[in-house]
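Have a look at work-v5.cif below; it lists mmCIF, C-alpha atoms.
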```cif
data_input
loop_
_atom_site.label_atom_id
_atom_site.label_comp_id
_atom_site.auth_asym_id
_atom_site.auth_seq_id
_atom_site.Cartn_x
_atom_site.Cartn_y
_atom_site.Cartn_z
CA MET A 1 72.75 40.70 71.60
CA ALA A 2 72.50 39.80 75.29
CA ASP A 3 71.17 43.20 76.25
CA ILE A 4 68.40 42.88 73.63
CA ALA A 5 67.23 39.58 75.01
CA ALA A 6 67.27 40.93 78.52
CA SER A 7 64.94 43.80 77.70
CA GLY A 8 62.24 42.18 75.58
CA THR A 9 61.61 43.66 72.16
CA GLY A 10 63.16 46.96 73.14
CA VAL A 11 60.79 48.79 70.78
CA GLU A 12 59.43 52.08 72.12
CA ASP A 13 55.66 51.53 72.12
CA ARG A 14 54.50 54.94 73.27
CA PRO A 15 52.67 56.84 70.53
CA ILE A 16 54.40 59.88 69.05
CA THR A 17 52.02 62.75 69.77
CA HIS A 18 51.96 66.53 69.75
CA ALA A 19 52.17 66.48 73.55
CA ARG A 20 55.23 64.25 73.46
CA VAL A 21 57.01 66.55 70.99
CA LEU A 22 56.25 69.61 73.13
CA LYS A 23 57.32 67.81 76.30
CA ILE A 24 60.76 67.40 74.74
CA ALA A 25 60.96 70.79 73.01
CA VAL A 26 59.67 73.29 75.57
CA PRO A 27 62.30 72.63 78.28
CA ILE A 28 65.04 73.04 75.65
CA VAL A 29 63.60 76.40 74.57
CA LEU A 30 63.50 77.53 78.22
CA SER A 31 67.00 76.19 78.81
CA ASN A 32 68.35 78.08 75.80
CA ALA A 33 66.71 81.29 77.04
CA THR A 34 68.96 81.26 80.13
CA VAL A 35 72.20 81.33 78.11
CA PRO A 36 72.25 85.05 77.15
CA ILE A 37 71.14 86.00 80.67
CA LEU A 38 74.36 84.60 82.15
CA GLY A 39 76.50 86.55 79.67
CA ALA A 40 74.65 89.74 80.49
CA VAL A 41 75.14 89.23 84.24
CA ASP A 42 78.85 88.47 83.81
CA THR A 43 79.27 91.72 81.89
CA GLY A 44 77.07 93.72 84.26
CA VAL A 45 78.83 92.51 87.41
CA ILE A 46 82.35 93.07 86.13
CA GLY A 47 81.19 96.44 84.77
CA GLN A 48 80.59 97.61 88.33
CA ILE A 49 84.35 97.84 88.80
CA GLY A 50 84.19 101.01 86.73
CA ALA A 51 86.96 100.23 84.23
CA ALA A 52 86.85 99.14 80.60
CA ALA A 53 89.72 96.61 80.65
CA PRO A 54 88.03 94.05 82.95
CA ILE A 55 84.89 94.06 80.77
CA GLY A 56 86.96 93.47 77.64
CA ALA A 57 89.03 90.80 79.36
CA VAL A 58 86.02 88.77 80.47
CA GLY A 59 84.42 89.18 77.05
CA ILE A 60 87.43 88.09 75.00
CA GLY A 61 88.38 85.37 77.49
CA ALA A 62 84.89 83.88 77.38
CA ILE A 63 84.86 83.97 73.57
CA ILE A 64 88.22 82.20 73.31
CA LEU A 65 87.25 79.45 75.75
CA SER A 66 83.78 79.05 74.25
CA SER A 67 85.37 78.65 70.81
CA LEU A 68 87.73 75.97 72.12
CA TYR A 69 84.90 74.14 73.88
CA TRP A 70 82.74 74.49 70.78
CA VAL A 71 85.16 72.21 68.91
CA PHE A 72 83.83 69.42 71.14
CA GLY A 73 80.18 70.29 70.48
CA PHE A 74 79.97 67.17 68.31
CA LEU A 75 79.87 65.16 71.54
CA ARG A 76 76.36 66.41 72.37
CA MET A 77 74.91 65.68 68.94
CA GLY A 78 76.68 62.40 68.31
CA THR A 79 75.73 61.03 71.72
CA THR A 80 72.05 61.86 71.19
CA GLY A 81 71.88 59.99 67.89
CA LEU A 82 73.80 56.91 69.01
CA ALA A 83 72.12 56.61 72.41
CA GLY A 84 68.65 57.18 70.94
CA GLN A 85 69.17 54.47 68.35
CA ALA A 86 70.43 52.01 70.95
CA LEU A 87 67.38 52.84 73.09
CA GLY A 88 64.99 52.32 70.17
CA ALA A 89 66.60 48.95 69.45
CA GLY A 90 66.31 47.89 73.09
CA ARG A 91 70.08 47.66 73.57
CA HIS A 92 70.02 49.12 77.07
CA ALA A 93 73.49 47.97 78.06
CA GLU A 94 74.83 49.84 75.04
CA VAL A 95 72.84 52.95 76.03
CA THR A 96 74.65 52.93 79.36
CA ALA A 97 78.04 52.23 77.78
CA ILE A 98 77.55 55.24 75.46
CA LEU A 99 77.15 57.45 78.54
CA THR A 100 80.47 56.21 79.92
CA ARG A 101 82.18 56.73 76.57
CA ALA A 102 80.81 60.26 76.26
CA ILE A 103 81.98 61.21 79.76
CA LEU A 104 85.44 59.77 79.16
CA ILE A 105 85.79 61.54 75.80
CA GLY A 106 84.64 64.82 77.31
CA ALA A 107 86.97 64.56 80.29
CA SER A 108 89.89 63.62 78.03
CA GLY A 109 89.17 66.54 75.70
CA GLY A 110 89.09 68.93 78.64
CA ALA A 111 92.35 67.53 80.00
CA LEU A 112 93.92 68.06 76.58
CA LEU A 113 92.89 71.72 76.64
CA ILE A 114 94.47 72.12 80.08
CA LEU A 115 97.73 70.61 78.83
CA LEU A 116 97.77 72.80 75.71
CA GLN A 117 96.46 75.99 77.30
CA LEU A 118 99.63 78.06 76.86
CA PRO A 119 100.05 77.59 73.08
CA LEU A 120 96.27 77.77 72.53
CA PHE A 121 95.94 81.07 74.41
CA ALA A 122 99.02 82.47 72.69
CA GLY A 123 97.59 81.54 69.31
CA ALA A 124 94.24 83.12 70.14
CA PHE A 125 95.83 86.44 71.08
CA ALA A 126 98.02 86.33 68.00
CA VAL A 127 94.86 86.16 65.87
CA SER A 128 92.93 88.71 67.96
CA PRO A 129 95.44 90.98 69.69
CA ALA A 130 94.30 93.10 72.63
CA SER A 131 95.88 95.78 74.79
CA ASP A 132 98.47 94.62 77.32
CA GLU A 133 96.08 95.23 80.23
CA VAL A 134 93.16 93.39 78.62
CA GLU A 135 95.37 90.47 77.59
CA THR A 136 96.84 90.16 81.09
CA LEU A 137 93.41 90.12 82.71
CA ALA A 138 92.01 87.77 80.07
CA ARG A 139 94.84 85.31 80.71
CA GLN A 140 94.03 85.45 84.43
CA TYR A 141 90.39 84.72 83.63
CA MET A 142 91.16 81.83 81.26
CA GLY A 143 93.88 80.46 83.52
CA VAL A 144 91.22 79.79 86.18
CA ARG A 145 88.33 78.73 83.94
CA VAL A 146 90.27 76.26 81.80
CA TRP A 147 90.59 73.93 84.80
CA SER A 148 86.89 73.17 84.54
CA ALA A 149 87.17 72.23 80.85
CA PRO A 150 86.84 68.47 81.57
CA ALA A 151 83.55 69.12 83.35
CA ALA A 152 82.22 71.57 80.76
CA ILE A 153 82.91 69.24 77.83
CA ALA A 154 81.75 66.08 79.62
CA ILE A 155 78.43 67.85 80.25
CA TYR A 156 77.98 68.03 76.46
CA GLY A 157 77.94 64.24 76.37
CA VAL A 158 75.64 63.86 79.37
CA THR A 159 73.24 66.41 77.89
CA GLY A 160 73.12 64.50 74.61
CA TRP A 161 72.45 61.27 76.49
CA LEU A 162 69.58 62.82 78.44
CA ILE A 163 68.03 64.27 75.28
CA ALA A 164 68.17 60.83 73.62
CA GLN A 165 65.91 59.57 76.41
CA GLU A 166 63.57 62.59 76.15
CA ARG A 167 64.69 63.81 79.58
CA THR A 168 64.85 67.44 78.57
CA ARG A 169 63.39 68.63 81.88
CA ALA A 170 66.55 67.24 83.48
CA VAL A 171 68.55 69.29 80.94
CA LEU A 172 66.59 72.39 81.98
CA VAL A 173 67.24 71.68 85.67
CA LEU A 174 70.94 71.28 84.93
CA GLN A 175 71.10 74.55 82.99
CA LEU A 176 69.16 76.48 85.62
CA TRP A 177 71.41 75.14 88.39
CA MET A 178 74.65 76.00 86.60
CA ASN A 179 73.58 79.46 85.48
CA GLY A 180 71.86 80.27 88.77
CA LEU A 181 74.89 79.25 90.84
CA ASN A 182 77.19 81.09 88.46
CA ILE A 183 75.20 84.30 88.83
CA ALA A 184 75.04 84.01 92.64
CA LEU A 185 78.78 83.40 92.89
CA ASP A 186 79.45 86.27 90.46
CA LEU A 187 77.66 88.65 92.79
CA TRP A 188 79.39 87.30 95.88
CA PHE A 189 82.94 87.02 94.53
CA VAL A 190 83.01 90.28 92.55
CA LEU A 191 80.70 92.68 94.39
CA GLY A 192 81.02 91.13 97.85
CA LEU A 193 84.64 90.02 98.02
CA GLY A 194 86.11 92.29 95.35
CA TRP A 195 87.91 89.50 93.48
CA GLY A 196 87.35 91.11 90.08
CA VAL A 197 88.07 89.12 86.92
CA ARG A 198 89.36 86.13 88.89
CA GLY A 199 86.07 86.10 90.80
CA VAL A 200 84.04 85.83 87.59
CA ALA A 201 86.27 82.99 86.40
CA LEU A 202 86.12 81.15 89.72
CA ALA A 203 82.33 81.42 89.72
CA THR A 204 82.15 79.68 86.34
CA PHE A 205 84.76 77.10 87.40
CA LEU A 206 82.70 76.09 90.44
CA ALA A 207 79.40 76.18 88.52
CA GLU A 208 80.75 73.83 85.82
CA TRP A 209 82.18 71.26 88.21
CA SER A 210 79.03 71.33 90.33
CA GLY A 211 77.07 71.02 87.08
CA LEU A 212 78.90 67.82 86.19
CA ALA A 213 78.19 66.45 89.67
CA LEU A 214 74.49 67.23 89.23
CA ALA A 215 74.52 65.75 85.71
CA LEU A 216 75.93 62.48 87.02
CA TRP A 217 73.32 62.45 89.77
CA LEU A 218 70.57 62.96 87.19
CA CYS A 219 71.95 59.89 85.40
CA ARG A 220 72.30 57.88 88.61
CA GLY A 221 70.01 55.11 87.36
CA ALA A 222 72.61 54.20 84.75
CA PHE A 223 75.22 53.55 87.45
CA ILE A 224 73.11 51.07 89.44
CA GLY A 225 73.98 48.08 87.26
CA PRO A 226 77.38 46.91 85.97
CA ALA A 227 76.92 48.03 82.33
CA TRP A 228 78.50 51.45 82.85
CA ARG A 229 81.81 49.82 83.80
CA ASP A 230 81.68 46.97 81.29
CA TRP A 231 85.04 48.05 79.92
CA ALA A 232 85.08 45.44 77.15
CA ARG A 233 81.91 47.02 75.76
CA VAL A 234 82.88 50.62 76.54
CA PHE A 235 86.20 50.26 74.71
CA ASP A 236 84.93 47.94 71.97
CA ALA A 237 86.93 48.92 68.88
CA GLN A 238 84.02 48.75 66.43
CA ARG A 239 81.72 50.86 68.62
CA LEU A 240 84.48 53.38 69.32
CA LYS A 241 85.21 53.65 65.59
CA ARG A 242 81.52 54.26 64.88
CA MET A 243 81.36 56.98 67.55
CA MET A 244 84.52 58.65 66.27
CA THR A 245 83.29 58.59 62.67
CA VAL A 246 79.98 60.18 63.63
CA ASN A 247 81.70 62.82 65.73
CA LEU A 248 84.29 63.65 63.05
CA ASP A 249 81.55 64.15 60.45
CA ILE A 250 79.68 66.49 62.82
CA LEU A 251 82.87 68.42 63.56
CA ILE A 252 83.56 68.99 59.85
CA ARG A 253 79.92 70.00 59.35
CA SER A 254 80.15 72.48 62.20
CA LEU A 255 83.41 73.93 60.91
CA ALA A 256 81.79 74.46 57.50
CA LEU A 257 78.86 76.31 59.07
CA MET A 258 81.21 78.35 61.26
CA SER A 259 83.23 79.35 58.19
CA VAL A 260 80.07 80.89 56.72
CA PHE A 261 79.36 82.80 59.93
CA VAL A 262 82.94 84.05 60.35
CA THR A 263 83.11 85.12 56.71
CA PHE A 264 79.83 86.98 57.10
CA VAL A 265 81.18 88.91 60.10
CA PHE A 266 84.56 89.68 58.54
CA VAL A 267 83.15 90.77 55.18
CA GLY A 268 80.51 92.87 56.94
CA SER A 269 83.24 94.79 58.73
CA ASP A 270 84.33 96.21 55.35
CA PHE A 271 81.08 98.17 55.01
CA GLY A 272 81.83 100.60 57.84
CA ASP A 273 81.16 100.81 61.56
CA VAL A 274 77.44 101.56 61.28
CA THR A 275 76.74 98.61 59.00
CA LEU A 276 78.94 96.34 61.12
CA ALA A 277 77.03 97.34 64.27
CA ALA A 278 73.68 96.87 62.52
CA ASN A 279 74.70 93.40 61.34
CA GLN A 280 75.73 92.44 64.87
CA ILE A 281 72.30 93.44 66.14
CA LEU A 282 70.55 91.60 63.33
CA LEU A 283 72.55 88.46 64.12
CA GLN A 284 70.78 88.45 67.48
CA PHE A 285 67.54 87.82 65.59
CA ILE A 286 69.12 84.71 64.10
CA GLU A 287 70.36 83.64 67.53
CA ILE A 288 66.85 84.02 68.95
CA THR A 289 65.49 81.96 66.06
CA ALA A 290 68.05 79.21 66.57
CA PHE A 291 67.42 79.07 70.32
CA ALA A 292 63.65 78.81 69.81
CA LEU A 293 63.61 76.31 66.94
CA ASP A 294 66.37 74.16 68.46
CA GLY A 295 63.77 72.73 70.82
CA PHE A 296 61.89 71.09 67.96
CA ALA A 297 65.13 69.98 66.31
CA PHE A 298 66.11 68.28 69.57
CA ALA A 299 62.69 66.59 69.72
CA ALA A 300 63.35 65.29 66.21
CA GLU A 301 66.78 64.03 67.27
CA SER A 302 65.39 61.95 70.10
CA LEU A 303 62.29 60.57 68.37
CA VAL A 304 64.00 59.93 65.04
CA ALA A 305 66.90 58.14 66.74
CA GLN A 306 64.50 55.82 68.55
CA ALA A 307 62.53 55.16 65.35
CA VAL A 308 65.71 54.39 63.43
CA GLY A 309 66.92 52.09 66.20
CA ALA A 310 63.61 50.23 65.99
CA ALA A 311 63.84 50.18 62.15
CA SER A 312 60.33 51.70 62.01
CA VAL A 313 59.68 53.94 59.01
CA PRO A 314 56.12 54.83 60.15
CA ARG A 315 57.48 56.09 63.49
CA LEU A 316 60.23 57.95 61.67
CA ARG A 317 57.71 59.72 59.44
CA ARG A 318 55.47 60.54 62.38
CA ALA A 319 58.37 62.02 64.33
CA VAL A 320 59.52 64.16 61.39
CA TRP A 321 55.98 65.32 60.62
CA LEU A 322 55.05 66.40 64.16
CA ALA A 323 58.39 68.04 64.86
CA GLY A 324 58.05 69.78 61.51
CA VAL A 325 54.54 71.04 62.28
CA TRP A 326 55.66 72.64 65.53
CA SER A 327 58.84 73.98 63.97
CA GLY A 328 56.70 75.62 61.29
CA ILE A 329 54.37 77.13 63.88
CA GLY A 330 57.36 78.46 65.80
CA ALA A 331 58.87 79.90 62.62
CA LEU A 332 55.67 81.76 61.72
CA ALA A 333 55.35 83.12 65.26
CA LEU A 334 58.94 84.38 65.19
CA ALA A 335 58.44 85.92 61.75
CA ALA A 336 55.45 87.86 63.07
CA LEU A 337 57.40 88.92 66.16
CA PHE A 338 60.30 90.23 64.08
CA LEU A 339 58.08 91.94 61.52
CA PHE A 340 55.88 93.78 64.01
CA GLY A 341 58.14 93.97 67.07
CA GLY A 342 61.57 93.97 65.50
CA GLY A 343 61.87 97.74 65.60
CA THR A 344 61.34 97.73 69.35
CA LEU A 345 63.97 95.01 69.78
CA ILE A 346 66.45 97.05 67.76
CA ASP A 347 65.75 100.17 69.83
CA ILE A 348 66.38 98.18 73.02
CA MET A 349 69.73 96.93 71.74
CA THR A 350 71.12 100.29 70.59
CA THR A 351 70.56 104.01 71.05
CA ALA A 352 72.64 104.99 67.99
CA GLU A 353 70.18 106.41 65.47
CA GLY A 354 72.30 105.55 62.45
CA VAL A 355 72.59 101.93 63.56
CA ARG A 356 68.87 101.78 64.31
CA ALA A 357 68.01 103.07 60.84
CA SER A 358 70.39 100.65 59.14
CA ALA A 359 69.07 97.64 61.07
CA ARG A 360 65.42 98.59 60.51
CA GLY A 361 66.05 98.42 56.78
CA TYR A 362 66.42 94.66 57.14
CA LEU A 363 63.34 93.90 59.24
CA VAL A 364 61.55 92.17 56.37
CA VAL A 365 64.66 90.06 55.83
CA MET A 366 64.71 89.18 59.54
CA ALA A 367 61.06 88.12 59.32
CA LEU A 368 62.06 85.73 56.53
CA VAL A 369 64.90 84.18 58.54
CA PRO A 370 62.75 81.76 60.60
CA ILE A 371 60.73 80.74 57.56
CA LEU A 372 63.72 80.21 55.29
CA GLY A 373 65.86 78.56 57.96
CA ALA A 374 63.32 76.31 59.70
CA ALA A 375 63.92 73.34 57.41
CA SER A 376 67.70 73.47 57.87
CA TRP A 377 67.44 73.45 61.68
CA LEU A 378 64.79 70.73 61.75
CA LEU A 379 66.53 68.46 59.24
CA ASP A 380 69.77 68.84 61.17
CA GLY A 381 67.91 67.25 64.08
CA VAL A 382 66.48 64.51 61.85
CA PHE A 383 69.86 63.58 60.40
CA ILE A 384 71.60 63.78 63.79
CA GLY A 385 69.03 61.38 65.22
CA ALA A 386 69.57 59.02 62.30
CA THR A 387 73.38 59.51 62.56
CA ARG A 388 73.42 60.20 58.81
CA THR A 389 76.35 62.44 59.58
CA ALA A 390 78.14 61.99 56.26
CA ASP A 391 75.10 63.57 54.57
CA MET A 392 75.17 66.41 57.12
CA ARG A 393 78.86 66.96 56.49
CA ASN A 394 78.52 66.96 52.71
CA MET A 395 75.45 69.21 52.61
CA ALA A 396 77.07 71.69 55.00
CA LEU A 397 80.14 71.87 52.78
CA LEU A 398 77.91 72.31 49.72
CA SER A 399 75.88 75.09 51.37
CA ALA A 400 79.11 76.85 52.37
CA ALA A 401 80.26 76.69 48.76
CA ILE A 402 76.91 78.09 47.59
CA PHE A 403 77.27 80.93 50.09
CA ALA A 404 80.74 81.73 48.74
CA VAL A 405 79.58 81.78 45.10
CA ILE A 406 76.55 83.98 45.77
CA ALA A 407 78.60 86.31 47.96
CA VAL A 408 81.22 86.75 45.24
CA VAL A 409 78.51 87.53 42.67
CA LEU A 410 76.17 89.75 44.71
CA ILE A 411 78.37 91.69 47.13
CA PRO A 412 80.06 93.81 44.42
CA ILE A 413 76.58 94.76 43.14
CA TYR A 414 74.45 95.06 46.28
CA GLY A 415 76.98 95.43 49.09
CA ASN A 416 75.65 94.41 52.51
CA ALA A 417 72.30 93.35 51.03
CA GLY A 418 74.18 90.91 48.81
CA LEU A 419 76.03 89.59 51.84
CA TRP A 420 72.73 88.95 53.62
CA ALA A 421 71.28 87.29 50.52
CA ALA A 422 74.23 84.89 50.41
CA PHE A 423 73.92 84.21 54.14
CA LEU A 424 70.23 83.34 53.94
CA ALA A 425 70.80 81.32 50.78
CA SER A 426 73.16 79.07 52.76
CA PHE A 427 70.29 78.17 55.13
CA VAL A 428 67.95 77.48 52.23
CA ALA A 429 70.58 75.40 50.45
CA ARG A 430 71.19 73.27 53.53
CA GLY A 431 67.47 72.67 54.00
CA ILE A 432 66.91 71.72 50.35
CA THR A 433 69.96 69.47 50.05
CA LEU A 434 69.15 67.61 53.28
CA ALA A 435 65.55 67.19 52.11
CA ILE A 436 66.85 65.62 48.90
CA ARG A 437 68.81 63.11 51.01
CA TYR A 438 65.84 62.26 53.24
CA PRO A 439 64.43 59.39 51.09
CA ALA A 440 67.78 57.59 51.41
CA LEU A 441 67.44 57.93 55.18
CA GLU A 442 64.04 56.23 55.05
CA ARG A 443 65.37 53.41 52.87
CA ALA A 444 68.26 52.79 55.22
CA THR A 445 65.87 52.77 58.20
CA ALA A 446 63.60 50.23 56.52
CA ALA A 447 66.60 48.02 55.78
CA GLY A 448 67.91 48.38 59.35
CA ALA A 449 71.16 49.66 57.89
CA LEU A 450 71.70 52.58 60.28
#
```
Structure re-expressed in C-alpha cells:
Amino acid sequence: MADIAASGTGVEDRPITHARVLKIAVPIVLSNATVPILGAVDTGVIGQIGAAAPIGAVGIGAIILSSLYWVFGFLRMGTTGLAGQALGAGRHAEVTAILTRAILIGASGGALLILLQLPLFAGAFAVSPASDEVETLARQYMGVRVWSAPAAIAIYGVTGWLIAQERTRAVLVLQLWMNGLNIALDLWFVLGLGWGVRGVALATFLAEWSGLALALWLCRGAFIGPAWRDWARVFDAQRLKRMMTVNLDILIRSLALMSVFVTFVFVGSDFGDVTLAANQILLQFIEITAFALDGFAFAAESLVAQAVGAASVPRLRRAVWLAGVWSGIGALALAALFLFGGGTLIDIMTTAEGVRASARGYLVVMALVPILGAASWLLDGVFIGATRTADMRNMALLSAAIFAVIAVVLIPIYGNAGLWAAFLASFVARGITLAIRYPALERATAAGAL
C-alpha cells in the first residue's frame, strides 16, 4: 500500500476520448505494417544468391524460431493487463516491478531455448523434414539467431509494459529501429560481404539485441528510482503466482486458437494444390485484418486495464465503446477494400490463373471476415486488459470445439467452402461467448475484485 500513498489517488483522470484511442491505436497499426516488409526483404536478399536452398532454409528456419518464440507471446499480453491495472490503481512501484519481472521471465525463457536448441531443432525437422542441403543451411541460420532469443522474448514483455502506459509511439520507434537495422545489415552482410544465410541470421541477431537495448532506454524512467530492483516485491510469491496464472491461461488460449489455424491449413491441403495455394493467399486477407484491427484491441487493453485498476465501471464502458466504434469503422473499411480491391490484391500475390480464379470465388467471404471477426479481436483486448484470462482460455477452447464440429459436418458436403465456414464460425463463436461473459467483467470491476 505504500506506493499508493506515495502517488495520491493514483486514478487516471484524463478523459477517454476518440483522440486518445487513436493515439494508442495508429502507431500499433503502423508498427504491424512493418512486419511483412522485413520478411519480404529477407527473402529478396537471400534470393539474390541465385539458389533455391538458401531461400528455403531462411524461410523454414524463421518459421521454426518464430513458432518457438510465439510460445512466449503470453508475456506481451499478460504484462499489458497487469501493468495497466497497477497503473490505474496508482500502484506505481508495482508497475515498475512488473517491468523487471517481465524482462527476467523473457530472458530466462530465451536462455532455456538456447539450452534446449538441439532437441528442439531436431524435433522441428522430424515434424517438417527438408532436404539435406536446406536442413544444413537452416541449422546454420537458427544456430546464430537462437542466441538472441533472450532479447527477442524480453522485448515482448517491454512492449506490453509500454502499451499499458499508452506509449505506443515508443513501440513504433522500437519496431522501426529493429526492422530498419535488420534490413540494412541484411544488405551489407549478404550482398556486400557475401555471408549468405549466416549473414541474414547475424543481421537479425544484432537487430534483436540492439532492440532490447533501445527498449530499456525507452523505459529508462523506470530505472531512476529503486523500485525496479526491489527484489522482495519483484519476487513476491503472490504476485508471481498471479502473473504465472494469467500467462498460463493466455498460453492455453493461444494454443487453442493455433490448433484451429493449423487444422485449417492441414485440412485445406487435402483439396489439391490449387485450393491450397488459394487458401494461403486468402489467409493474407485475415492477416491484414488482424494487423489493422489489433491497434484498437491494444487501445482497449491499455484503457480497460487502467479502468479496472481504478475500479471504475463508467471508464471501462467508455473505453470499450470508443475502441469498439473505431474497430467497427476499421472493419467496414477493410470489408470495402477486400470487396472492391480484393481481386487486385490476389493478382499481385499470384500469376497462376487457376489460383486467381479459386481465390476470387471467396472475395465476398473475405469481405465478411473483418465484420464477423471484429468483436473477437476487440473483446480479446478487453479481456486481456481486465486479466479475465480464464474466460479467454475457456471461450477459445469452446470456439475451437465449435470449429471442429462444424468442420466435421460441413466439409464432407461443401469441401473447402465448408472448411471456410467452420473457420469463420470460430471467430464468431469467440466474439459471442466473450460478449456473454462481459457483464461478469463489469461486476468484478465494480467490486474491485480484479
Residue nearest Leu332 (chain A) among A:Asp249, A:Trp70, A:Gly415, A:Pro370 (counting all atoms listed in the file): A:Pro370
Please write the residues picked by the PyMOL selection byres ((chain A and resi 302-317) around 6) on this file as a PyMOL selection string. chain A and resi 11+81+84-86+88-89+164+299-301+318-321+385-386+445-446+448
Which polymer residues have any atom within 12 Å of an atom of Thr275 (chain A), counting all atoms listed in the file, with same-chain residues fewer than 4 positions away left out, as an MDAnalysis selection string? chainID A and resid 265:271 279:282 352 354:362 415:417 419:420
Ranking A:Val26, A:Ala440, A:Leu187, A:Ile98 by minimum distance to Leu82 (chain A) and counting all atoms listed in the file, which one comes first? A:Ile98
Expressed in Å, the length from CA of Ala396 (chain A) to CA of Ala292 (chain A) is 21.2 Å
Nearest residue to Ile114 (chain A) out of A:Ser148, A:Ser210, A:Thr100, A:Ser259, using only C-alpha atoms?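 Counting only C-alpha atoms, the residue closest to Ile114 (chain A) is A:Ser148.
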Here's the selection I'm unsure about, the PyMOL selection byres ((chain A and resi 423) around 12); applied to the file above, which residues does it give, as a VMD selection string? chain A and resid 257 to 265 267 to 268 279 283 286 365 to 366 369 372 to 373 399 to 408 410 to 411 416 to 422 424 to 430
Interatomic distance, CA of Ala232 (chain A) to CA of Thr80 (chain A) (Å, one decimal): 21.8 Å
List the residues selected by the PyMOL selection byres ((chain A and resi 25) around 6) in the file shown, writing them as a tab-separated table (two decimals) with C-alpha atoms, in the frame of the given file.
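Dumped everything to part_18.tsv:
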```
chain	number	residue	atom	x	y	z
A	22	LEU	CA	56.25	69.61	73.13
A	23	LYS	CA	57.32	67.81	76.30
A	24	ILE	CA	60.76	67.40	74.74
A	26	VAL	CA	59.67	73.29	75.57
A	27	PRO	CA	62.30	72.63	78.28
A	28	ILE	CA	65.04	73.04	75.65
A	295	GLY	CA	63.77	72.73	70.82
A	296	PHE	CA	61.89	71.09	67.96
A	299	ALA	CA	62.69	66.59	69.72
```
